[in-house]
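**Q** Got input_17.txt for you, compact mmCIF, C-alpha atoms and all ligand atoms:
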# COMPACT_ATOMS: atom_id res chain seq x y z
CA MET T 1 24.20 -97.17 -11.48
CA ALA T 2 25.14 -100.00 -9.10
CA GLU T 3 23.11 -100.11 -5.91
CA LEU T 4 24.76 -98.13 -3.10
CA ARG T 5 25.76 -100.24 -0.08
CA GLY T 6 24.84 -98.54 3.19
CA ALA T 7 25.12 -99.40 6.88
CA LEU T 8 22.96 -98.13 9.71
CA ILE T 9 24.52 -97.31 13.09
CA GLY T 10 22.05 -97.05 15.97
CA CYS T 11 19.03 -99.35 15.91
CA GLY T 12 16.80 -97.45 18.34
CA PHE T 13 13.37 -95.82 18.37
CA PHE T 14 13.68 -93.68 15.23
CA ALA T 15 16.02 -95.89 13.19
CA VAL T 16 13.12 -98.22 12.38
CA ASN T 17 11.63 -95.45 10.21
CA GLN T 18 14.95 -95.01 8.43
CA MET T 19 15.14 -98.77 7.77
CA HIS T 20 11.60 -98.80 6.35
CA ALA T 21 12.48 -95.83 4.16
CA TRP T 22 15.64 -97.50 2.80
CA ARG T 23 13.48 -100.44 1.69
CA ASP T 24 11.30 -98.00 -0.31
CA ILE T 25 14.22 -96.30 -2.08
CA GLU T 26 15.72 -97.53 -5.32
CA GLY T 27 19.48 -97.27 -5.77
CA ALA T 28 20.52 -98.00 -2.18
CA SER T 29 20.15 -100.72 0.39
CA ILE T 30 21.31 -101.38 3.94
CA VAL T 31 23.75 -104.30 3.96
CA ALA T 32 24.87 -104.14 7.60
CA ILE T 33 23.72 -102.70 10.92
CA CYS T 34 25.44 -101.75 14.15
CA ASP T 35 24.26 -101.09 17.70
CA ARG T 36 26.20 -101.39 20.92
CA ASP T 37 23.06 -102.91 22.46
CA PRO T 38 22.81 -106.55 21.23
CA GLU T 39 19.06 -106.62 21.95
CA ARG T 40 18.36 -103.64 19.64
CA LEU T 41 20.65 -105.17 17.03
CA LYS T 42 18.66 -108.40 17.08
CA VAL T 43 15.25 -106.70 16.96
CA VAL T 44 16.10 -104.55 13.93
CA GLY T 45 18.23 -107.22 12.24
CA ASP T 46 15.41 -109.77 12.47
CA GLN T 47 12.71 -107.27 11.47
CA PHE T 48 14.54 -106.17 8.32
CA GLY T 49 16.38 -109.41 7.49
CA ILE T 50 19.90 -107.97 7.90
CA ALA T 51 22.36 -110.74 8.71
CA ARG T 52 25.55 -108.66 8.98
CA ARG T 53 25.48 -107.21 12.49
CA TYR T 54 28.08 -105.38 14.61
CA VAL T 55 28.14 -104.19 18.22
CA ASP T 56 31.15 -101.97 17.51
CA ALA T 57 31.27 -99.25 14.84
CA ALA T 58 35.03 -99.64 14.27
CA ALA T 59 34.45 -103.32 13.49
CA LEU T 60 31.67 -102.35 11.06
CA PHE T 61 33.98 -100.04 9.10
CA ALA T 62 36.75 -102.68 9.14
CA GLY T 63 34.46 -105.50 8.08
CA GLU T 64 32.34 -103.89 5.34
CA SER T 65 32.91 -102.14 2.03
CA LEU T 66 30.44 -99.25 2.25
CA ASP T 67 29.21 -96.43 0.00
CA PHE T 68 27.63 -94.62 2.95
CA VAL T 69 26.75 -94.88 6.60
CA ASP T 70 23.49 -93.71 8.21
CA ILE T 71 24.13 -92.64 11.83
CA ALA T 72 20.88 -92.82 13.83
CA THR T 73 22.30 -92.64 17.36
CA THR T 74 21.69 -89.82 19.86
CA ALA T 75 23.87 -86.68 19.82
CA PRO T 76 26.73 -87.62 22.22
CA SER T 77 28.02 -90.29 19.80
CA HIS T 78 27.66 -88.22 16.60
CA ARG T 79 31.12 -86.64 16.55
CA PRO T 80 33.15 -89.84 17.11
CA LEU T 81 31.02 -91.75 14.59
CA VAL T 82 31.15 -89.07 11.88
CA GLU T 83 34.91 -88.73 12.39
CA MET T 84 35.23 -92.50 12.10
CA ALA T 85 33.30 -92.38 8.82
CA ALA T 86 35.60 -89.62 7.54
CA GLN T 87 38.72 -91.60 8.54
CA ASN T 88 37.35 -94.54 6.55
CA ARG T 89 36.42 -92.30 3.58
CA VAL T 90 32.75 -93.23 3.89
CA PRO T 91 30.07 -90.55 3.19
CA ALA T 92 27.80 -90.08 6.21
CA ILE T 93 24.27 -89.13 7.14
CA CYS T 94 24.02 -87.93 10.75
CA GLN T 95 20.79 -87.58 12.72
CA LYS T 96 19.84 -84.26 14.31
CA PRO T 97 20.80 -82.65 16.61
CA PHE T 98 24.02 -82.69 14.59
CA ALA T 99 26.18 -82.39 17.74
CA PRO T 100 25.94 -81.36 21.39
CA SER T 101 27.90 -78.16 20.59
CA LEU T 102 28.66 -75.97 17.58
CA ALA T 103 32.39 -76.55 18.12
CA ASP T 104 31.87 -80.32 17.71
CA ALA T 105 29.75 -79.75 14.61
CA LYS T 106 32.40 -77.53 13.02
CA ALA T 107 35.03 -80.22 13.66
CA MET T 108 32.76 -82.84 12.04
CA VAL T 109 32.28 -80.70 8.92
CA LYS T 110 36.03 -80.14 8.71
CA ALA T 111 36.78 -83.86 9.10
CA CYS T 112 34.47 -84.74 6.20
CA THR T 113 35.66 -81.86 4.02
CA ASP T 114 39.31 -82.83 4.60
CA ALA T 115 38.50 -86.46 3.77
CA GLY T 116 36.53 -85.42 0.69
CA VAL T 117 33.37 -87.25 1.78
CA ALA T 118 29.77 -86.02 1.71
CA LEU T 119 28.01 -85.27 4.99
CA MET T 120 24.26 -84.72 5.37
CA VAL T 121 22.36 -83.99 8.56
CA HIS T 122 19.08 -85.91 8.76
CA GLU T 123 17.12 -82.64 9.13
CA ASN T 124 13.93 -84.02 7.67
CA PHE T 125 11.17 -81.60 8.74
CA ARG T 126 11.77 -79.26 5.79
CA TRP T 127 11.18 -82.33 3.59
CA GLN T 128 7.62 -82.82 4.91
CA SER T 129 5.27 -82.43 1.96
CA PRO T 130 3.17 -79.65 3.62
CA ILE T 131 6.36 -77.62 4.22
CA GLN T 132 7.49 -78.26 0.65
CA ALA T 133 4.05 -77.01 -0.49
CA VAL T 134 4.63 -73.73 1.38
CA ARG T 135 8.08 -73.39 -0.22
CA ALA T 136 6.50 -73.96 -3.66
CA VAL T 137 4.02 -71.11 -3.08
CA LEU T 138 6.87 -68.78 -2.10
CA ASP T 139 8.78 -69.82 -5.24
CA SER T 140 5.73 -69.11 -7.41
CA GLY T 141 5.91 -65.43 -6.39
CA ASP T 142 2.17 -65.39 -5.72
CA ILE T 143 2.45 -63.63 -2.34
CA GLY T 144 5.29 -61.34 -3.36
CA THR T 145 8.18 -60.67 -0.97
CA PRO T 146 7.74 -62.20 2.50
CA PHE T 147 8.08 -59.75 5.39
CA PHE T 148 6.74 -61.84 8.31
CA GLY T 149 6.66 -65.51 9.26
CA ARG T 150 5.46 -67.65 12.13
CA ILE T 151 6.56 -71.26 12.48
CA SER T 152 4.57 -72.84 15.28
CA PHE T 153 4.64 -76.28 16.94
CA ARG T 154 2.41 -76.56 20.03
CA SER T 155 1.42 -79.91 21.49
CA ALA T 156 1.05 -81.98 24.65
CA TYR T 157 1.91 -85.29 22.98
CA ASP T 158 3.84 -87.67 25.25
CA VAL T 159 7.19 -87.89 23.51
CA PHE T 160 8.91 -89.19 26.66
CA SER T 161 7.51 -92.72 26.53
CA GLY T 162 9.19 -93.40 23.16
CA GLN T 163 12.25 -91.25 23.81
CA PRO T 164 12.87 -91.30 27.61
CA TYR T 165 16.23 -89.47 27.29
CA LEU T 166 14.28 -86.31 26.31
CA ALA T 167 13.09 -85.97 29.92
CA THR T 168 16.56 -86.06 31.46
CA GLY T 169 18.71 -83.55 29.55
CA LYS T 170 19.26 -79.95 30.72
CA ARG T 171 18.23 -78.92 27.21
CA PHE T 172 14.97 -80.18 25.76
CA ILE T 173 12.60 -78.57 23.34
CA ILE T 174 14.87 -76.17 21.45
CA GLU T 175 17.56 -78.81 20.89
CA ASP T 176 15.12 -81.64 20.13
CA LEU T 177 12.14 -80.14 18.30
CA GLY T 178 12.73 -76.41 17.96
CA ILE T 179 15.80 -77.26 15.90
CA HIS T 180 13.42 -78.46 13.17
CA SER T 181 11.27 -75.31 13.42
CA LEU T 182 14.36 -73.11 13.25
CA ASP T 183 15.51 -75.01 10.18
CA ILE T 184 12.09 -74.54 8.56
CA ALA T 185 12.33 -70.80 9.27
CA ARG T 186 15.71 -70.72 7.48
CA PHE T 187 14.30 -72.83 4.63
CA LEU T 188 11.36 -70.48 4.10
CA LEU T 189 12.79 -67.05 4.96
CA GLY T 190 16.58 -67.43 4.69
CA ASP T 191 19.44 -66.99 7.11
CA VAL T 192 19.13 -65.12 10.37
CA SER T 193 21.13 -62.22 11.77
CA THR T 194 19.70 -61.95 15.33
CA ILE T 195 17.60 -64.12 17.66
CA THR T 196 15.85 -63.24 20.94
CA THR T 197 14.56 -66.11 23.08
CA ARG T 198 12.30 -66.79 26.06
CA THR T 199 11.86 -70.28 27.56
CA ALA T 200 9.86 -71.96 30.31
CA ARG T 201 9.53 -75.37 31.93
CA ILE T 202 5.89 -76.23 32.64
CA ASN T 203 6.15 -80.01 33.10
CA PRO T 204 7.75 -80.53 36.57
CA ASN T 205 8.83 -84.07 35.70
CA ILE T 206 11.46 -83.15 33.12
CA ALA T 207 14.86 -81.44 33.43
CA GLY T 208 14.83 -79.10 30.44
CA GLU T 209 12.65 -76.37 28.95
CA ASP T 210 9.42 -77.49 27.28
CA VAL T 211 8.33 -74.08 25.95
CA ALA T 212 10.35 -71.69 23.78
CA THR T 213 9.48 -68.50 21.92
CA MET T 214 12.03 -67.04 19.52
CA LEU T 215 11.96 -63.77 17.59
CA MET T 216 14.31 -63.63 14.61
CA ASP T 217 15.60 -60.98 12.20
CA HIS T 218 16.31 -62.57 8.83
CA LYS T 219 19.02 -61.17 6.57
CA SER T 220 16.33 -60.65 3.91
CA GLY T 221 14.69 -58.06 6.19
CA ALA T 222 11.83 -60.38 7.18
CA THR T 223 10.93 -60.97 10.84
CA SER T 224 9.80 -64.33 12.15
CA VAL T 225 8.48 -65.87 15.34
CA VAL T 226 9.32 -69.51 16.01
CA ASP T 227 7.30 -70.89 18.91
CA CYS T 228 7.26 -74.41 20.24
CA SER T 229 5.71 -76.12 23.23
CA TYR T 230 5.18 -79.61 24.60
CA ALA T 231 2.98 -78.17 27.38
CA THR T 232 0.04 -77.06 25.24
CA LYS T 233 -3.15 -79.08 25.78
CA LEU T 234 -5.50 -78.48 22.88
CA ALA T 235 -8.97 -79.81 22.06
CA THR T 236 -7.45 -81.71 19.13
CA GLU T 237 -3.85 -82.87 19.58
CA PRO T 238 -1.95 -81.68 16.48
CA PHE T 239 1.32 -83.65 16.94
CA PRO T 240 3.52 -83.56 14.90
CA GLN T 241 2.17 -80.78 12.70
CA THR T 242 4.14 -77.58 12.13
CA LEU T 243 1.85 -74.64 11.44
CA VAL T 244 3.08 -71.81 9.23
CA GLU T 245 1.99 -68.23 8.63
CA ILE T 246 3.74 -66.08 6.06
CA ASP T 247 2.76 -62.55 5.11
CA GLY T 248 4.13 -61.15 1.85
CA SER T 249 3.87 -57.88 -0.03
CA ASP T 250 1.10 -59.31 -2.25
CA GLY T 251 -0.60 -61.92 -0.08
CA THR T 252 -0.43 -64.52 2.66
CA ILE T 253 0.12 -68.22 3.27
CA ARG T 254 -1.53 -70.11 6.13
CA LEU T 255 -0.72 -73.77 6.83
CA GLU T 256 -3.26 -74.68 9.49
CA HIS T 257 -4.38 -77.74 11.47
CA ASN T 258 -5.06 -80.88 9.47
CA TYR T 259 -2.77 -79.72 6.67
CA ARG T 260 -5.15 -77.09 5.32
CA LEU T 261 -3.23 -74.66 3.12
CA THR T 262 -4.78 -71.27 2.34
CA VAL T 263 -3.02 -68.99 -0.10
CA THR T 264 -4.24 -65.48 -0.73
CA GLY T 265 -2.30 -64.01 -3.63
CA ARG T 266 -2.51 -61.82 -6.66
CA ASN T 267 -5.21 -64.08 -8.12
CA GLY T 268 -7.45 -64.41 -5.06
CA THR T 269 -7.69 -67.13 -2.42
CA ALA T 270 -7.13 -70.87 -2.91
CA VAL T 271 -7.61 -73.52 -0.22
CA SER T 272 -6.07 -76.97 -0.59
CA ASP T 273 -5.46 -80.13 1.42
CA VAL T 274 -1.72 -80.81 1.61
CA SER T 275 -1.98 -83.87 3.86
CA PRO T 276 1.02 -86.18 3.59
CA PRO T 277 0.35 -89.65 2.18
CA LEU T 278 0.07 -92.53 4.66
CA LEU T 279 2.85 -94.88 3.51
CA PRO T 280 2.08 -98.62 3.86
CA TRP T 281 4.46 -99.03 6.82
CA ALA T 282 3.61 -95.70 8.47
CA SER T 283 1.28 -95.03 11.39
CA ARG T 284 -0.66 -91.93 12.42
CA PRO T 285 0.19 -89.40 13.78
CA TRP T 286 3.85 -90.02 12.79
CA HIS T 287 3.10 -90.43 9.06
CA ASN T 288 4.02 -86.82 8.29
CA ILE T 289 7.51 -87.32 9.74
CA GLN T 290 7.80 -90.82 8.27
CA GLU T 291 7.10 -89.61 4.74
CA SER T 292 9.78 -86.93 5.12
CA VAL T 293 12.31 -89.62 6.06
CA VAL T 294 11.81 -91.25 2.67
CA ALA T 295 12.14 -87.86 0.95
CA ILE T 296 15.42 -86.87 2.64
CA GLN T 297 17.00 -90.31 2.18
CA ARG T 298 16.00 -90.30 -1.51
CA HIS T 299 17.61 -86.85 -1.78
CA TRP T 300 20.83 -88.31 -0.29
CA VAL T 301 20.94 -91.07 -2.91
CA ASP T 302 20.37 -88.47 -5.67
CA CYS T 303 23.15 -86.29 -4.24
CA LEU T 304 25.62 -89.18 -4.11
CA ALA T 305 24.70 -90.20 -7.66
CA ASN T 306 25.00 -86.66 -9.04
CA LYS T 307 27.86 -85.55 -6.76
CA THR T 308 25.84 -82.57 -5.50
CA GLU T 309 25.72 -81.09 -2.01
CA PRO T 310 22.70 -82.16 0.07
CA ALA T 311 20.27 -79.36 1.00
CA THR T 312 20.92 -80.09 4.67
CA SER T 313 24.66 -80.73 4.35
CA GLY T 314 26.82 -80.53 7.45
CA ALA T 315 27.94 -77.05 6.37
CA ASP T 316 24.33 -75.90 5.92
CA ASN T 317 23.28 -77.35 9.25
CA LEU T 318 25.92 -75.34 11.14
CA ARG T 319 23.59 -72.39 10.58
CA THR T 320 20.63 -74.22 12.09
CA LEU T 321 22.69 -75.51 15.03
CA ALA T 322 24.05 -71.99 15.57
CA LEU T 323 20.45 -70.84 16.05
CA VAL T 324 20.00 -73.51 18.74
CA GLU T 325 23.16 -72.38 20.55
CA ALA T 326 22.21 -68.74 20.20
CA ALA T 327 18.71 -69.45 21.52
CA TYR T 328 20.09 -71.03 24.72
CA VAL T 329 22.59 -68.19 25.19
CA GLY T 330 19.83 -65.64 24.67
CA ALA T 331 17.36 -67.45 26.93
CA ALA T 332 19.93 -67.34 29.75
CA SER T 333 20.90 -63.68 29.27
CA GLY T 334 17.55 -62.27 28.15
CA GLU T 335 19.48 -60.43 25.41
CA PRO T 336 19.32 -60.70 21.61
CA VAL T 337 22.18 -62.78 20.16
CA ARG T 338 23.89 -62.07 16.83
CA LEU T 339 24.53 -65.16 14.70
CA ASP T 340 27.56 -63.94 12.76
CA ALA T 341 29.69 -64.02 15.92
CA LEU T 342 29.02 -67.77 16.27
CA LEU T 343 29.71 -68.90 12.71
P1 LIG T 401 17.44 -94.32 20.89
O1 LIG T 401 18.15 -94.11 22.18
O2 LIG T 401 16.12 -95.03 20.90
O3 LIG T 401 18.39 -95.11 19.88
C1 LIG T 401 19.75 -94.85 19.73
C2 LIG T 401 20.45 -96.19 19.54
O4 LIG T 401 21.82 -95.91 19.25
C3 LIG T 401 20.42 -97.09 20.77
O5 LIG T 401 19.92 -98.37 20.41
C4 LIG T 401 21.87 -97.13 21.24
O6 LIG T 401 22.24 -98.38 21.80
C5 LIG T 401 22.61 -96.87 19.93
N1 LIG T 401 23.95 -96.28 20.08
C6 LIG T 401 24.29 -95.17 20.78
N2 LIG T 401 25.61 -94.91 20.65
C7 LIG T 401 26.11 -95.88 19.86
C8 LIG T 401 27.40 -96.16 19.35
N3 LIG T 401 28.45 -95.39 19.63
N4 LIG T 401 27.56 -97.23 18.55
C9 LIG T 401 26.50 -98.02 18.24
N5 LIG T 401 25.26 -97.82 18.71
C10 LIG T 401 25.06 -96.75 19.50
O7 LIG T 401 17.31 -92.89 20.23
P2 LIG T 401 16.24 -92.40 19.14
O8 LIG T 401 15.03 -91.90 19.84
O9 LIG T 401 16.09 -93.43 18.07
O10 LIG T 401 16.98 -91.11 18.57
C11 LIG T 401 18.12 -91.22 17.77
C12 LIG T 401 18.37 -89.87 17.13
O11 LIG T 401 17.28 -89.60 16.24
C13 LIG T 401 18.38 -88.70 18.13
O12 LIG T 401 19.45 -87.84 17.81
C14 LIG T 401 17.03 -88.02 17.95
O13 LIG T 401 17.06 -86.63 18.17
C15 LIG T 401 16.77 -88.32 16.50
N6 LIG T 401 15.34 -88.28 16.12
C16 LIG T 401 15.06 -87.68 14.97
C17 LIG T 401 13.75 -87.57 14.54
C18 LIG T 401 13.48 -86.87 13.25
O14 LIG T 401 12.35 -86.67 12.87
N7 LIG T 401 14.52 -86.49 12.53
C19 LIG T 401 12.72 -88.12 15.32
C20 LIG T 401 13.07 -88.78 16.51
C21 LIG T 401 14.39 -88.87 16.90
O1 LIG T 402 12.94 -86.14 18.59
C1 LIG T 402 11.94 -85.37 17.98
C2 LIG T 402 12.02 -85.14 16.55
O2 LIG T 402 13.03 -84.97 15.93
O3 LIG T 402 10.75 -85.08 16.02
C3 LIG T 402 9.77 -85.28 17.01
C4 LIG T 402 10.54 -85.91 18.15
O4 LIG T 402 10.49 -87.32 17.99
C5 LIG T 402 10.00 -85.60 19.54
O5 LIG T 402 10.07 -84.23 19.79
Hey, can you dump this file as structure tokens for me?
**A**
Amino acid sequence: MAELRGALIGCGFFAVNQMHAWRDIEGASIVAICDRDPERLKVVGDQFGIARRYVDAAALFAGESLDFVDIATTAPSHRPLVEMAAQNRVPAICQKPFAPSLADAKAMVKACTDAGVALMVHENFRWQSPIQAVRAVLDSGDIGTPFFGRISFRSAYDVFSGQPYLATGKRFIIEDLGIHSLDIARFLLGDVSTITTRTARINPNIAGEDVATMLMDHKSGATSVVDCSYATKLATEPFPQTLVEIDGSDGTIRLEHNYRLTVTGRNGTAVSDVSPPLLPWASRPWHNIQESVVAIQRHWVDCLANKTEPATSGADNLRTLALVEAAYVGAASGEPVRLDALL
């Protein structure tokens, strides 16, 4: 198969990981980049040796013949950029959060469906190797049918120095980080019928909530708790580890600090180390996330080659984004929110 020609739009904080990952992946390469900030364009262009540079996305689409575009900007620009990709018949990857509202996200899915182009949300946390290890245990049947789950992310890591916009939005942790935890809950326990949410803001220097606790009824009958916090000071800072507890009819799964996986099943208890590899360009503690970027982008190339729908397609991600919307509605009202009414 000829190498796929991709372009990256948005050369900011996280895009550097995506550029490193593209260099690791066979079958695709980034031939052009775009950022409305000339400084960011120069930094990333020089770092990765990309000569074809654009400050305007419309000019990028007009000037390049592309097999896909990788949109790594923040949420406000996602809808216009995805719609521009659809108009130009170019398959698109879009960073999370998919859109500022579910209505925007639905319009983006429709635009790509109508244009007949693939759309994948860069929802990478489910691609982390420790989370994939938990999924593999569930698939093995060793713990039987899951009836309870807890997906937990508690930290006091300073995310604001790298991503200052996170401190200024009315919405913070559910939209930024909890969105990943909610997606992991769907990945492990299936779709959700009802969510009940409580939030708090502990850090006085930010605008949004930095603590959220969500109780969910899954359509399978399982119950889960998704809890996340950026106000939790621990003896050992676990960022960016997601901890998982699953109880099943025949056993349990525990993914604990330092990627220790304990499975108690029909055949007794097994403990293993499911630490992600430290890729040559990666740096701790981000290596867990960085490895998942390679995995999701490789999946995208496979999907384009085989004409299959990505696991985190735009259509799939509507269900994760609906959980985010429902969580904010429920946090404001104090009431449980049914998901079917939103989708
Ligand atoms: P950033 O602000 O550092 O970078 C965004 C870049 O996009 C900026 O350089 C900006 O100039 C550019 N840009 C914005 N609108 C544009 C437009 N219309 N055309 C061209 N360029 C445009 O942001 P970031 O921290 O890199 O975050 C980007 C996205 O990645 C966010 O949605 C964030 O939530 C997400 N993110 C994802 C993960 C993950 O693990 N999946 C981790 C961190 C951030
Ligand atoms: O933006 C967030 C994400 O997606 O992963 C971690 C993060 O960078 C900060 O919460």
**Q** In Å, how far is it from atom O2 of ligand LIG 402 (chain T) to CA of Lys170 in chain T?
**A**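 Spanning atom O2 of ligand LIG 402 (chain T) to CA of Lys170 in chain T is a straight-line distance of 16.8 Å.
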**Q** Taking all atoms listed in the file into account, which of T:Tyr230, T:Tyr328, T:Trp300, T:Tyr54 comes nearest ligand LIG 402 (chain T)?
**A**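 Nearest candidate to ligand LIG 402 (chain T) out of T:Tyr230, T:Tyr328, T:Trp300, T:Tyr54: T:Tyr230.
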**Q** If we count only C-alpha atoms and set the cut-off at 12 Å, which residues sit around Val43 in chain T, ignoring sequence neighbours fewer than 3 positions away in its own chain? Please answer as a count of residues only.
**A** 20
**Q** Between T:Lys233, T:His20, T:Arg266, T:His180, single out the one closest to Gly144 in chain T, counting only C-alpha atoms.
**A**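 With only C-alpha atoms as the atom set, the closest residue is T:Arg266.
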**Q** Would you mind listing what lies within 6 Å of Met120 in chain T as a PyMOL selection string, with all atoms listed in the file counted and same-chain residues fewer than 6 positions away left out?
**A** chain T and resi 93+312-314
